[in-house]
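Pasted below: my_file_37.json, JSON, C-alpha atoms.
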[["chain", "number", "residue", "atom", "x", "y", "z"],
["A", 858, "MET", "CA", 22.36, -50.31, 28.38],
["A", 859, "SER", "CA", 21.45, -49.31, 24.83],
["A", 860, "ALA", "CA", 21.58, -45.77, 23.60],
["A", 861, "VAL", "CA", 17.78, -45.61, 23.47],
["A", 862, "GLU", "CA", 17.45, -46.67, 27.06],
["A", 863, "ALA", "CA", 20.12, -44.29, 28.40],
["A", 864, "PRO", "CA", 18.79, -41.58, 30.75],
["A", 865, "GLY", "CA", 18.24, -38.19, 29.07],
["A", 866, "LEU", "CA", 18.23, -39.52, 25.52],
["A", 867, "ARG", "CA", 15.17, -39.22, 23.30],
["A", 868, "THR", "CA", 13.65, -41.91, 21.17],
["A", 869, "PRO", "CA", 13.90, -41.31, 17.40],
["A", 870, "ALA", "CA", 10.23, -40.25, 17.30],
["A", 871, "ALA", "CA", 10.67, -37.85, 20.23],
["A", 872, "ALA", "CA", 13.83, -36.41, 18.72],
["A", 873, "SER", "CA", 12.03, -35.83, 15.42],
["A", 874, "ALA", "CA", 9.15, -34.09, 17.20],
["A", 875, "TYR", "CA", 11.65, -31.94, 19.10],
["A", 876, "ARG", "CA", 13.32, -30.83, 15.87],
["A", 877, "VAL", "CA", 9.94, -30.00, 14.33],
["A", 878, "ARG", "CA", 9.07, -27.85, 17.36],
["A", 879, "ALA", "CA", 12.48, -26.18, 17.17],
["A", 880, "VAL", "CA", 11.90, -25.14, 13.54],
["A", 881, "ALA", "CA", 8.40, -23.85, 14.39],
["A", 882, "ARG", "CA", 9.78, -21.94, 17.39],
["A", 883, "ARG", "CA", 12.50, -20.42, 15.26],
["A", 884, "HIS", "CA", 9.89, -18.95, 12.90],
["A", 885, "TRP", "CA", 7.76, -17.79, 15.84],
["A", 886, "LEU", "CA", 10.73, -15.86, 17.23],
["A", 887, "VAL", "CA", 11.30, -14.24, 13.82],
["A", 888, "LEU", "CA", 7.63, -13.22, 13.69],
["A", 889, "ARG", "CA", 7.71, -11.84, 17.23],
["A", 890, "ARG", "CA", 10.84, -9.78, 16.58],
["A", 891, "SER", "CA", 9.55, -8.48, 13.23],
["A", 892, "PRO", "CA", 6.06, -7.03, 13.75],
["A", 893, "HIS", "CA", 5.76, -6.11, 10.06],
["A", 894, "ARG", "CA", 5.64, -9.85, 9.27],
["A", 895, "ILE", "CA", 2.27, -10.03, 11.03],
["A", 896, "PHE", "CA", 0.92, -8.21, 7.98],
["A", 897, "ASP", "CA", 0.31, -11.46, 6.10],
["A", 898, "VAL", "CA", -1.12, -13.21, 9.15],
["A", 899, "LEU", "CA", -3.70, -10.73, 10.42],
["A", 900, "VAL", "CA", -4.02, -7.74, 8.11],
["A", 901, "TRP", "CA", -4.97, -9.42, 4.83],
["A", 902, "PRO", "CA", -7.94, -11.34, 6.30],
["A", 903, "VAL", "CA", -9.26, -8.12, 7.85],
["A", 904, "VAL", "CA", -8.75, -6.17, 4.61],
["A", 905, "ASP", "CA", -10.54, -8.81, 2.53],
["A", 906, "THR", "CA", -13.45, -8.99, 4.95],
["A", 907, "LEU", "CA", -13.96, -5.23, 5.00],
["A", 908, "LEU", "CA", -13.50, -4.82, 1.26],
["A", 909, "TYR", "CA", -15.77, -7.57, 0.00],
["A", 910, "GLY", "CA", -18.26, -7.13, 2.81],
["A", 911, "SER", "CA", -18.67, -3.44, 1.96],
["A", 912, "ILE", "CA", -18.89, -4.15, -1.77],
["A", 913, "GLY", "CA", -21.58, -6.75, -1.11],
["A", 914, "LEU", "CA", -23.55, -4.39, 1.14],
["A", 915, "PHE", "CA", -23.36, -1.57, -1.37],
["A", 916, "ALA", "CA", -24.44, -3.92, -4.17],
["A", 917, "ALA", "CA", -27.42, -5.02, -2.11],
["A", 918, "LYS", "CA", -28.42, -1.42, -1.44],
["A", 919, "ALA", "CA", -27.98, -0.55, -5.11],
["A", 920, "ALA", "CA", -30.15, -3.49, -6.15],
["A", 921, "GLY", "CA", -32.79, -2.29, -3.67],
["A", 922, "GLY", "CA", -32.99, 1.14, -5.27],
["A", 923, "GLY", "CA", -30.28, 2.96, -3.35],
["A", 924, "ALA", "CA", -32.41, 4.26, -0.51],
["A", 925, "GLU", "CA", -29.55, 3.73, 1.91],
["A", 926, "ALA", "CA", -26.59, 3.93, -0.46],
["A", 927, "GLY", "CA", -25.88, 7.58, 0.24],
["A", 928, "ALA", "CA", -27.59, 10.61, -1.23],
["A", 929, "ALA", "CA", -24.58, 11.63, -3.28],
["A", 930, "ASP", "CA", -23.99, 8.17, -4.70],
["A", 931, "LEU", "CA", -27.24, 7.32, -6.50],
["A", 932, "GLY", "CA", -27.03, 3.64, -5.64],
["A", 933, "THR", "CA", -28.58, 2.09, -8.72],
["A", 934, "GLY", "CA", -27.37, -0.98, -10.56],
["A", 935, "PRO", "CA", -25.83, 0.91, -13.54],
["A", 936, "THR", "CA", -24.20, 3.45, -11.22],
["A", 937, "PHE", "CA", -22.79, 0.65, -9.12],
["A", 938, "ALA", "CA", -21.11, -0.82, -12.21],
["A", 939, "VAL", "CA", -19.67, 2.59, -13.11],
["A", 940, "PHE", "CA", -18.35, 3.00, -9.56],
["A", 941, "LEU", "CA", -16.61, -0.37, -9.78],
["A", 942, "LEU", "CA", -14.97, 0.44, -13.12],
["A", 943, "SER", "CA", -13.94, 3.99, -12.24],
["A", 944, "GLY", "CA", -12.69, 2.83, -8.85],
["A", 945, "THR", "CA", -10.63, 0.11, -10.49],
["A", 946, "VAL", "CA", -8.93, 2.52, -12.89],
["A", 947, "LEU", "CA", -8.29, 5.17, -10.22],
["A", 948, "TRP", "CA", -7.09, 2.63, -7.67],
["A", 949, "HIS", "CA", -4.67, 1.18, -10.18],
["A", 950, "LEU", "CA", -3.29, 4.69, -10.67],
["A", 951, "VAL", "CA", -2.40, 5.22, -7.02],
["A", 952, "HIS", "CA", -1.34, 1.62, -6.43],
["A", 953, "GLN", "CA", 0.92, 1.49, -9.48],
["A", 954, "THR", "CA", 2.48, 4.82, -8.47],
["A", 955, "GLN", "CA", 3.36, 3.48, -5.05],
["A", 956, "ILE", "CA", 4.66, 0.16, -6.39],
["A", 957, "SER", "CA", 6.76, 1.79, -9.11],
["A", 958, "LEU", "CA", 8.49, 4.25, -6.78],
["A", 959, "ALA", "CA", 9.11, 1.71, -4.01],
["A", 960, "THR", "CA", 10.40, -1.03, -6.29],
["A", 961, "GLY", "CA", 12.65, 1.55, -7.95],
["A", 962, "PHE", "CA", 14.50, 1.76, -4.66],
["A", 963, "LEU", "CA", 14.33, -1.99, -4.09],
["A", 964, "GLU", "CA", 16.17, -2.49, -7.36],
["A", 965, "GLU", "CA", 19.14, -0.81, -5.69],
["A", 966, "THR", "CA", 18.99, -3.19, -2.74],
["A", 967, "TRP", "CA", 18.54, -6.27, -4.91],
["A", 968, "SER", "CA", 21.57, -5.34, -7.01],
["A", 969, "ARG", "CA", 23.61, -4.38, -3.92],
["A", 970, "ASN", "CA", 24.04, -0.87, -5.29],
["A", 971, "VAL", "CA", 23.06, 1.15, -2.22],
["A", 972, "ILE", "CA", 26.64, 1.69, -1.07],
["A", 973, "GLY", "CA", 27.55, 2.71, -4.62],
["A", 974, "LEU", "CA", 24.89, 5.42, -4.54],
["A", 975, "LEU", "CA", 26.17, 6.71, -1.22],
["A", 976, "THR", "CA", 29.68, 7.16, -2.60],
["A", 977, "THR", "CA", 28.55, 9.36, -5.49],
["A", 978, "PRO", "CA", 27.76, 13.10, -5.39],
["A", 979, "LEU", "CA", 24.11, 12.20, -6.04],
["A", 980, "ARG", "CA", 21.81, 14.10, -3.68],
["A", 981, "GLY", "CA", 18.81, 12.51, -2.03],
["A", 982, "TRP", "CA", 16.25, 14.70, -3.79],
["A", 983, "GLU", "CA", 17.96, 14.03, -7.14],
["A", 984, "TYR", "CA", 17.66, 10.30, -6.63],
["A", 985, "LEU", "CA", 14.00, 10.60, -5.63],
["A", 986, "ALA", "CA", 13.30, 12.82, -8.64],
["A", 987, "GLY", "CA", 14.92, 10.33, -11.02],
["A", 988, "VAL", "CA", 13.11, 7.32, -9.58],
["A", 989, "GLY", "CA", 9.88, 9.32, -9.45],
["A", 990, "LEU", "CA", 10.21, 10.29, -13.12],
["A", 991, "PHE", "CA", 10.64, 6.66, -14.16],
["A", 992, "ALA", "CA", 7.79, 5.62, -11.86],
["A", 993, "LEU", "CA", 5.57, 8.23, -13.51],
["A", 994, "VAL", "CA", 6.26, 6.72, -16.94],
["A", 995, "ARG", "CA", 5.53, 3.20, -15.68],
["A", 996, "THR", "CA", 2.34, 4.37, -14.03],
["A", 997, "ALA", "CA", 1.15, 6.16, -17.17],
["A", 998, "LEU", "CA", 1.71, 3.09, -19.37],
["A", 999, "SER", "CA", 0.05, 0.75, -16.90],
["A", 1000, "THR", "CA", -2.94, 3.00, -16.26],
["A", 1001, "LEU", "CA", -3.46, 3.54, -19.97],
["A", 1002, "ALA", "CA", -3.56, -0.22, -20.45],
["A", 1003, "VAL", "CA", -6.19, -0.60, -17.72],
["A", 1004, "ALA", "CA", -8.26, 2.30, -19.06],
["A", 1005, "ALA", "CA", -8.09, 0.88, -22.59],
["A", 1006, "LEU", "CA", -9.26, -2.52, -21.39],
["A", 1007, "ALA", "CA", -12.13, -0.94, -19.42],
["A", 1008, "PHE", "CA", -13.19, 0.93, -22.55],
["A", 1009, "GLY", "CA", -12.81, -2.00, -24.94],
["A", 1010, "ALA", "CA", -14.36, -4.66, -22.74],
["A", 1011, "TYR", "CA", -16.98, -2.68, -20.79],
["A", 1012, "ALA", "CA", -17.47, 0.54, -22.79],
["A", 1013, "PHE", "CA", -16.31, 2.62, -19.82],
["A", 1014, "ASP", "CA", -14.50, 5.80, -20.84],
["A", 1015, "VAL", "CA", -12.55, 7.21, -17.91],
["A", 1016, "THR", "CA", -12.30, 10.58, -19.67],
["A", 1017, "SER", "CA", -16.06, 10.90, -19.20],
["A", 1018, "LEU", "CA", -15.21, 12.09, -15.69],
["A", 1019, "GLY", "CA", -14.30, 15.41, -17.32],
["A", 1020, "LEU", "CA", -11.66, 17.94, -16.28],
["A", 1021, "GLY", "CA", -12.21, 17.00, -12.66],
["A", 1022, "LEU", "CA", -10.19, 13.87, -13.44],
["A", 1023, "ILE", "CA", -7.01, 15.99, -13.54],
["A", 1024, "PRO", "CA", -6.94, 17.03, -9.83],
["A", 1025, "VAL", "CA", -8.19, 13.56, -8.82],
["A", 1026, "ALA", "CA", -5.34, 11.88, -10.69],
["A", 1027, "ALA", "CA", -2.77, 14.37, -9.38],
["A", 1028, "LEU", "CA", -3.82, 13.81, -5.76],
["A", 1029, "LEU", "CA", -3.73, 10.03, -6.20],
["A", 1030, "LEU", "CA", -0.19, 10.29, -7.60],
["A", 1031, "LEU", "CA", 0.91, 12.30, -4.57],
["A", 1032, "CYS", "CA", -0.75, 9.85, -2.18],
["A", 1033, "GLY", "CA", 1.01, 6.96, -3.88],
["A", 1034, "TRP", "CA", 4.37, 8.70, -3.63],
["A", 1035, "ALA", "CA", 3.83, 9.53, 0.04],
["A", 1036, "VAL", "CA", 3.08, 5.91, 0.93],
["A", 1037, "ALA", "CA", 6.05, 4.75, -1.16],
["A", 1038, "LEU", "CA", 8.42, 7.11, 0.70],
["A", 1039, "ALA", "CA", 7.21, 5.76, 4.04],
["A", 1040, "VAL", "CA", 7.67, 2.17, 2.86],
["A", 1041, "VAL", "CA", 11.19, 2.93, 1.61],
["A", 1042, "GLY", "CA", 11.98, 4.33, 5.06],
["A", 1043, "LEU", "CA", 10.77, 1.11, 6.68],
["A", 1044, "VAL", "CA", 12.88, -1.00, 4.31],
["A", 1045, "LEU", "CA", 15.94, 1.09, 5.15],
["A", 1046, "ARG", "CA", 15.31, 0.66, 8.86],
["A", 1047, "TYR", "CA", 14.16, -2.97, 9.05],
["A", 1048, "GLY", "CA", 15.75, -4.53, 5.97],
["A", 1049, "SER", "CA", 14.36, -6.96, 3.46],
["A", 1050, "GLY", "CA", 11.78, -8.26, 5.93],
["A", 1051, "ALA", "CA", 9.78, -5.07, 5.37],
["A", 1052, "GLU", "CA", 9.61, -5.56, 1.59],
["A", 1053, "ALA", "CA", 6.19, -7.19, 1.94],
["A", 1054, "LEU", "CA", 4.83, -3.73, 2.73],
["A", 1055, "VAL", "CA", 5.82, -2.56, -0.76],
["A", 1056, "TRP", "CA", 3.08, -4.69, -2.30],
["A", 1057, "GLY", "CA", 0.58, -4.59, 0.53],
["A", 1058, "GLY", "CA", 1.11, -1.38, 2.48],
["A", 1059, "LEU", "CA", -1.29, 0.74, 0.46],
["A", 1060, "SER", "CA", -3.84, -2.06, 0.25],
["A", 1061, "VAL", "CA", -4.42, -1.72, 3.99],
["A", 1062, "VAL", "CA", -6.25, 1.58, 3.43],
["A", 1063, "MET", "CA", -8.09, 0.31, 0.35],
["A", 1064, "PRO", "CA", -11.29, -0.80, 2.14],
["A", 1065, "LEU", "CA", -11.25, 2.37, 4.27],
["A", 1066, "SER", "CA", -10.85, 4.69, 1.28],
["A", 1067, "GLY", "CA", -14.20, 3.88, -0.31],
["A", 1068, "VAL", "CA", -12.61, 2.95, -3.63],
["A", 1069, "PHE", "CA", -15.73, 1.19, -4.90],
["A", 1070, "TYR", "CA", -18.42, 2.34, -2.45],
["A", 1071, "PRO", "CA", -19.29, 5.20, -0.07],
["A", 1072, "VAL", "CA", -17.82, 4.93, 3.41],
["A", 1073, "SER", "CA", -21.37, 4.77, 4.79],
["A", 1074, "THR", "CA", -21.24, 1.03, 4.03],
["A", 1075, "LEU", "CA", -18.32, 0.55, 6.44],
["A", 1076, "PRO", "CA", -18.88, -0.49, 10.06],
["A", 1077, "ALA", "CA", -19.71, 2.60, 12.14],
["A", 1078, "PRO", "CA", -16.50, 2.56, 14.28],
["A", 1079, "LEU", "CA", -14.34, 2.69, 11.15],
["A", 1080, "ARG", "CA", -16.08, 5.61, 9.45],
["A", 1081, "PRO", "CA", -14.21, 8.36, 11.39],
["A", 1082, "VAL", "CA", -10.92, 6.65, 10.47],
["A", 1083, "ALA", "CA", -11.96, 6.54, 6.84],
["A", 1084, "GLU", "CA", -12.93, 10.22, 6.86],
["A", 1085, "ALA", "CA", -9.45, 11.12, 8.14],
["A", 1086, "LEU", "CA", -7.75, 9.57, 5.10],
["A", 1087, "PRO", "CA", -7.12, 11.87, 2.11],
["A", 1088, "THR", "CA", -7.67, 8.95, -0.26],
["A", 1089, "THR", "CA", -11.25, 8.67, 0.98],
["A", 1090, "HIS", "CA", -12.05, 12.18, -0.22],
["A", 1091, "VAL", "CA", -10.23, 11.68, -3.51],
["A", 1092, "PHE", "CA", -12.29, 8.59, -4.33],
["A", 1093, "ALA", "CA", -15.45, 10.33, -3.13],
["A", 1094, "ALA", "CA", -14.71, 13.05, -5.68],
["A", 1095, "GLY", "CA", -14.11, 10.39, -8.32],
["A", 1096, "ARG", "CA", -17.47, 8.75, -7.58],
["A", 1097, "ALA", "CA", -19.24, 12.09, -7.77],
["A", 1098, "LEU", "CA", -17.73, 12.71, -11.20],
["A", 1099, "ALA", "CA", -18.49, 9.16, -12.34],
["A", 1100, "GLY", "CA", -22.11, 9.66, -11.27],
["A", 1101, "GLY", "CA", -22.39, 12.67, -13.58],
["A", 1102, "GLY", "CA", -22.38, 15.28, -10.82],
["A", 1103, "PRO", "CA", -20.50, 18.60, -10.75],
["A", 1104, "THR", "CA", -16.89, 18.84, -9.61],
["A", 1105, "PRO", "CA", -16.91, 18.31, -5.82],
["A", 1106, "TRP", "CA", -14.59, 21.14, -4.85],
["A", 1107, "HIS", "CA", -15.11, 20.60, -1.12],
["A", 1108, "GLU", "CA", -13.97, 16.98, -1.32],
["A", 1109, "LEU", "CA", -10.99, 18.00, -3.45],
["A", 1110, "ALA", "CA", -10.03, 20.76, -0.99],
["A", 1111, "VAL", "CA", -10.11, 18.38, 1.97],
["A", 1112, "ALA", "CA", -8.20, 15.78, -0.03],
["A", 1113, "THR", "CA", -5.55, 18.35, -1.02],
["A", 1114, "LEU", "CA", -4.90, 19.40, 2.57],
["A", 1115, "GLY", "CA", -4.73, 15.80, 3.74],
["A", 1116, "THR", "CA", -2.49, 14.73, 0.86],
["A", 1117, "PHE", "CA", 0.08, 17.45, 1.44],
["A", 1118, "ALA", "CA", 0.07, 16.74, 5.18],
["A", 1119, "LEU", "CA", 0.66, 13.05, 4.38],
["A", 1120, "LEU", "CA", 3.48, 13.93, 2.00],
["A", 1121, "VAL", "CA", 5.21, 16.13, 4.57],
["A", 1122, "LEU", "CA", 4.97, 13.39, 7.21],
["A", 1123, "ALA", "CA", 6.30, 10.82, 4.76],
["A", 1124, "LEU", "CA", 9.30, 13.00, 3.87],
["A", 1125, "PHE", "CA", 10.01, 13.65, 7.56],
["A", 1126, "PHE", "CA", 9.77, 9.94, 8.35],
["A", 1127, "LEU", "CA", 12.04, 9.04, 5.42],
["A", 1128, "GLY", "CA", 14.60, 11.60, 6.58],
["A", 1129, "ARG", "CA", 14.65, 10.10, 10.08],
["A", 1130, "MET", "CA", 15.03, 6.58, 8.69],
["A", 1131, "VAL", "CA", 17.87, 7.63, 6.37],
["A", 1132, "ALA", "CA", 19.64, 9.26, 9.32],
["A", 1133, "ALA", "CA", 19.27, 6.07, 11.37],
["A", 1134, "PHE", "CA", 20.41, 4.04, 8.35],
["A", 1135, "ARG", "CA", 23.63, 6.03, 8.16],
["A", 1136, "ARG", "CA", 24.22, 6.29, 11.90],
["A", 1137, "ARG", "CA", 23.84, 2.56, 12.57],
["A", 1138, "GLY", "CA", 25.78, 1.46, 9.53],
["A", 1139, "LEU", "CA", 22.85, -0.53, 8.16],
["A", 1140, "VAL", "CA", 24.26, -0.17, 4.65],
["A", 1141, "THR", "CA", 26.19, -3.40, 5.33],
["A", 1142, "ARG", "CA", 22.92, -5.24, 4.71],
["A", 1143, "TYR", "CA", 23.21, -4.37, 1.05],
["A", 1144, "SER", "CA", 26.93, -4.68, 0.44]]
Produce C-alpha cells that represent the structure in this file.
Amino acid sequence: MSAVEAPGLRTPAAASAYRVRAVARRHWLVLRRSPHRIFDVLVWPVVDTLLYGSIGLFAAKAAGGGAEAGAADLGTGPTFAVFLLSGTVLWHLVHQTQISLATGFLEETWSRNVIGLLTTPLRGWEYLAGVGLFALVRTALSTLAVAALAFGAYAFDVTSLGLGLIPVAALLLLCGWAVALAVVGLVLRYGSGAEALVWGGLSVVMPLSGVFYPVSTLPAPLRPVAEALPTTHVFAAGRALAGGGPTPWHELAVATLGTFALLVLALFFLGRMVAAFRRRGLVTRYS
C-alpha cells in the first residue's frame, strides 16, 4: 500500500489545505486573545463612515444655505471651507501632541531601554515631564508647518481666531496628553500588540468630536456620546471663533471640566498599569 493510500494520511492537496487553515486559525486565535487588534478590522471602517458621511451631510446643508446646519455654525459655503481649514489645524495640534508623547515612550521599548530607566533614580513624573517637554517642541514645529501651509496655500490665518485660540490650544494639548497616557498604560499592560492604538486611538473620537462639522450632523444615537467628550466642546469653541463669533466661554468651561476629568482618569489608569507592569514582571518584554 502506498503512502497516499494509507489510512489516516492526507493527499498532498489536502495536506496543503490543512496547513493553510492552520495558519489562518493561528491568526484568528491571536485576534481573539488580543481585542485591541480588532481596531483595524472594525473600528476604522466605522470611523471613516461617520467622518466622511457627516462631512458630506454638512457640506450639503451648507450648499443649501445652512438652514439645518446649526444656528451657531452659519452653514454657508465659505464658512464650511473655514471650518475645514481651522479643524484641520486644530486637529493636527491634538493629534500630534498625542503621537509625540506616546512615541516618546515607545522609543524606550524599541531600544530595549525600559529596564535601564527602572534602575535609575528617575521618578515617573520626571520622565513624563521630560518626554512631554520634547513632545511640546515637536508639536509646535509640526503645527506651525501646517498653519503656514494653510496660510500660504489657502490664505487661512489661524491667528484670526483671536485670543480665544489660546485656551482652545491649551485644552487640546491636555486632551492629547491624556489620551497618550492611557495608550502608554495599554502598551505597558498588553505589550507591542497595543502599539496600533498610538496612531489610531485618538482617531476613534475624531468623528464624534465635530472637528469639521457640528455634532448635529451625526446620527441621533451618537449625539449624547459626542456631547460627553471634552474635545467636542473644544472644537465647537474653535468653530465659533472661526465663524467670527465672540469667545464661547460656556463651551470652554464645559471643555475645561471634561478635560481635567479625562486627565485625572488617564493618570489613575496609567498608575494602575504601571503597578501591574511591575508586579507581573512584564519588563522582560523589553529586555
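Nearest residue to Val1140 (chain A), choosing from A:Cys1032, A:Ala1039, A:Leu975, A:Leu886 and counting all atoms listed in the file: A:Leu975.
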Report the distance between CA of Leu1031 (chain A) and CA of Phe1008 (chain A) in Å, rounded to one decimal place.
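Computing it gives 25.5 Å between the two atoms.
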May I have the residues within 9 Å of region 1065-1077 of chain A as number ranges by chain, using all atoms listed in the file and disregarding those fewer than 5 positions away in the same chain?
A: 904, 907-908, 910-912, 914-916, 925-927, 929-930, 937, 940-945, 947-948, 1082-1084, 1086-1093, 1095-1096
Pick from A:Val900, A:Ala872, A:Leu1038, A:Val1003: nearest to Phe1125 (chain A), with only C-alpha atoms counted?
A:Leu1038
Applying 12 Å and all atoms listed in the file, which residues near Phe962 (chain A) remain after dropping the ones on its own chain fewer than 4 positions away? List them as number ranges by chain.
A: 955-958, 966-971, 974, 981, 984-989, 991-992, 1037-1038, 1040-1045, 1049, 1052, 1055
Rank nothing, just name the residue among A:Ala1099, A:Ala919, A:Val1121, A:Met1063 nearest to Val1015 (chain A), using all atoms listed in the file.
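When distances to Val1015 (chain A) are compared using all atoms listed in the file, the smallest one comes from A:Ala1099.
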Looking at all atoms listed in the file, which of A:Val903, A:Leu993, A:Leu1127, A:Ala881 is the one that sits closest to Ala1026 (chain A)?
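Comparing A:Val903, A:Leu993, A:Leu1127, A:Ala881 against Ala1026 (chain A), the winner is A:Leu993.
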Among listed residues A:Leu1001, A:Leu979, A:Val939, A:Leu1124, nearest Ala1097 (chain A) (using only C-alpha atoms):
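Answer, going by the shortest atom-to-atom distance: A:Val939.
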With distances taken over all atoms listed in the file, which residue among A:Ala1085, A:Trp1034, A:Arg1046, A:Tyr909 lies nearest Arg1136 (chain A)?
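Counting all atoms listed in the file, the residue closest to Arg1136 (chain A) is A:Arg1046.
Between CA of His952 (chain A) and CA of Ile972 (chain A) the separation is 28.5 Å.
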Can you measure CA of Val1061 (chain A) to CA of Arg882 (chain A) for me? One decimal in Å is fine.
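For CA of Val1061 (chain A) relative to CA of Arg882 (chain A), the distance reads 28.1 Å.
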Since the input has fewer atoms than a full residue there, write region 1002-1009 of chain A out with all heavy atoms, as a PDB file, in the coordinates of the input.
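Printed below is selection-v6.pdb as written:
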ATOM      1  N   ALA A1002      -3.161   1.135 -20.083  1.00  0.00           N
ATOM      2  CA  ALA A1002      -3.560  -0.220 -20.450  1.00  0.00           C
ATOM      3  C   ALA A1002      -4.856  -0.616 -19.755  1.00  0.00           C
ATOM      4  O   ALA A1002      -5.762  -1.196 -20.363  1.00  0.00           O
ATOM      5  CB  ALA A1002      -2.438  -1.206 -20.097  1.00  0.00           C
ATOM      6  N   VAL A1003      -4.971  -0.279 -18.464  1.00  0.00           N
ATOM      7  CA  VAL A1003      -6.190  -0.600 -17.720  1.00  0.00           C
ATOM      8  C   VAL A1003      -7.379   0.184 -18.260  1.00  0.00           C
ATOM      9  O   VAL A1003      -8.475  -0.359 -18.435  1.00  0.00           O
ATOM     10  CB  VAL A1003      -5.982  -0.295 -16.215  1.00  0.00           C
ATOM     11  CG1 VAL A1003      -7.285  -0.459 -15.442  1.00  0.00           C
ATOM     12  CG2 VAL A1003      -4.918  -1.213 -15.631  1.00  0.00           C
ATOM     13  N   ALA A1004      -7.176   1.467 -18.528  1.00  0.00           N
ATOM     14  CA  ALA A1004      -8.260   2.300 -19.060  1.00  0.00           C
ATOM     15  C   ALA A1004      -8.706   1.811 -20.434  1.00  0.00           C
ATOM     16  O   ALA A1004      -9.906   1.801 -20.744  1.00  0.00           O
ATOM     17  CB  ALA A1004      -7.808   3.753 -19.135  1.00  0.00           C
ATOM     18  N   ALA A1005      -7.744   1.389 -21.259  1.00  0.00           N
ATOM     19  CA  ALA A1005      -8.090   0.880 -22.590  1.00  0.00           C
ATOM     20  C   ALA A1005      -8.896  -0.405 -22.487  1.00  0.00           C
ATOM     21  O   ALA A1005      -9.863  -0.614 -23.235  1.00  0.00           O
ATOM     22  CB  ALA A1005      -6.820   0.653 -23.405  1.00  0.00           C
ATOM     23  N   LEU A1006      -8.519  -1.278 -21.573  1.00  0.00           N
ATOM     24  CA  LEU A1006      -9.260  -2.520 -21.390  1.00  0.00           C
ATOM     25  C   LEU A1006     -10.675  -2.235 -20.878  1.00  0.00           C
ATOM     26  O   LEU A1006     -11.649  -2.863 -21.338  1.00  0.00           O
ATOM     27  CB  LEU A1006      -8.530  -3.442 -20.420  1.00  0.00           C
ATOM     28  CG  LEU A1006      -9.210  -4.782 -20.125  1.00  0.00           C
ATOM     29  CD1 LEU A1006      -9.381  -5.586 -21.405  1.00  0.00           C
ATOM     30  CD2 LEU A1006      -8.409  -5.578 -19.097  1.00  0.00           C
ATOM     31  N   ALA A1007     -10.797  -1.295 -19.939  1.00  0.00           N
ATOM     32  CA  ALA A1007     -12.130  -0.940 -19.420  1.00  0.00           C
ATOM     33  C   ALA A1007     -13.009  -0.388 -20.525  1.00  0.00           C
ATOM     34  O   ALA A1007     -14.215  -0.652 -20.562  1.00  0.00           O
ATOM     35  CB  ALA A1007     -11.988   0.081 -18.290  1.00  0.00           C
ATOM     36  N   PHE A1008     -12.409   0.366 -21.442  1.00  0.00           N
ATOM     37  CA  PHE A1008     -13.190   0.930 -22.550  1.00  0.00           C
ATOM     38  C   PHE A1008     -13.552  -0.152 -23.569  1.00  0.00           C
ATOM     39  O   PHE A1008     -14.694  -0.241 -24.029  1.00  0.00           O
ATOM     40  CB  PHE A1008     -12.407   2.047 -23.226  1.00  0.00           C
ATOM     41  CG  PHE A1008     -13.137   2.672 -24.383  1.00  0.00           C
ATOM     42  CD1 PHE A1008     -14.183   3.552 -24.157  1.00  0.00           C
ATOM     43  CD2 PHE A1008     -12.779   2.381 -25.694  1.00  0.00           C
ATOM     44  CE1 PHE A1008     -14.869   4.124 -25.216  1.00  0.00           C
ATOM     45  CE2 PHE A1008     -13.458   2.949 -26.756  1.00  0.00           C
ATOM     46  CZ  PHE A1008     -14.494   3.814 -26.519  1.00  0.00           C
ATOM     47  N   GLY A1009     -12.568  -0.990 -23.926  1.00  0.00           N
ATOM     48  CA  GLY A1009     -12.810  -2.000 -24.940  1.00  0.00           C
ATOM     49  C   GLY A1009     -13.722  -3.116 -24.486  1.00  0.00           C
ATOM     50  O   GLY A1009     -14.564  -3.607 -25.254  1.00  0.00           O
TER      51      GLY A1009
END
